[in-house]
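Asks: Starting off with a structure, shown below.
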Amino acid sequence: MLTNSRVAILVLACVTLVSLSWAADVQSQSVSIHGWVLDSACAITKGLDKPISRNCALKCAKAGSPLVILTDDGDIYWPISDKTPSAGQNERLLPFAGERVIASGKAYTRGGSHAIVLEKIQAEKSK
């Protein structure tokens, strides 16, 4: 028969293992990504390779759609803050809406989603 203290220890061990497995699912690394800044709705629902236009990206962003970075290989990076409480990143991306950028920072992958804490973002020079 298990005593209350043994049950408590067993529950605590299980909770610890579950917490560690969730934490192990989060991967991060320093990256530099190249891609288009466009609104998240078009990036996901329209299957675009690049924004329709700068004005379109700006209009959607100003209406509240989060801006994302769409890489050439089709990955979508959600710019995020690492501060608590967190804040949206559209203000930092608005100057680049509808344009190609090089963004560097700490990237996170979880459950197939990609996010980046922006350290630096700049327009990509035309080739």
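Ligands are numbered from 1 in the order shown, residues from 1 within each chain, and chains are lettered A, B, ... in the order they appear in the structure tokens.
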Neighbours of A:Asp73 within 12 Å (only C-alpha atoms; same-chain residues fewer than 3 positions away dropped), as a ChimeraX atom specification?
Replies: /A:33-36,48-50,69-70,76-77
Asks: Can you work out the spacing between atom CA of A:Gln89 and atom CA of A:Tyr108 in Å, to one decimal?
Replies: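 One can read the atom CA of A:Gln89 to atom CA of A:Tyr108 distance as 15.6 Å.
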Asks: For a quick check of understanding, using only C-alpha atoms, which of A:Ile80, A:Gly74, A:Gln27, A:Leu58 has the smallest distance to A:Pro95?
Replies: A:Leu58
Asks: Write out as a VMD selection string the residues lying within 8 Å of A:Val117, counting only C-alpha atoms and excluding same-chain residues fewer than 5 positions away.
Replies: chain A and resid 79 to 82 105 to 107
Asks: What's the 12 Å shell around stretch 84-88 of chain A, counting only C-alpha atoms, without same-chain residues fewer than 4 positions away, as a ChimeraX atom specification?
Replies: /A:61,64-68,78-80,92-94,117-118
Asks: Please write the residues from the selection above to a file, keeping C-alpha atoms, as a compact mmCIF listing (two decimals), in the first residue's frame.
Replies:
```txt
# COMPACT_ATOMS: atom_id res chain seq x y z
CA ALA A 61 -1.04 45.12 -41.20
CA GLY A 64 -4.44 44.25 -37.43
CA SER A 65 -3.06 41.28 -39.36
CA PRO A 66 0.33 40.26 -37.91
CA LEU A 67 3.24 40.60 -40.31
CA VAL A 68 5.43 37.55 -40.85
CA TRP A 78 6.41 34.79 -36.71
CA PRO A 79 8.35 37.71 -35.18
CA ILE A 80 7.90 37.57 -31.41
CA ARG A 92 9.26 46.92 -36.29
CA LEU A 93 8.17 45.26 -39.54
CA LEU A 94 5.95 48.00 -41.04
CA VAL A 117 13.06 37.21 -31.70
CA LEU A 118 14.38 39.99 -33.95
```
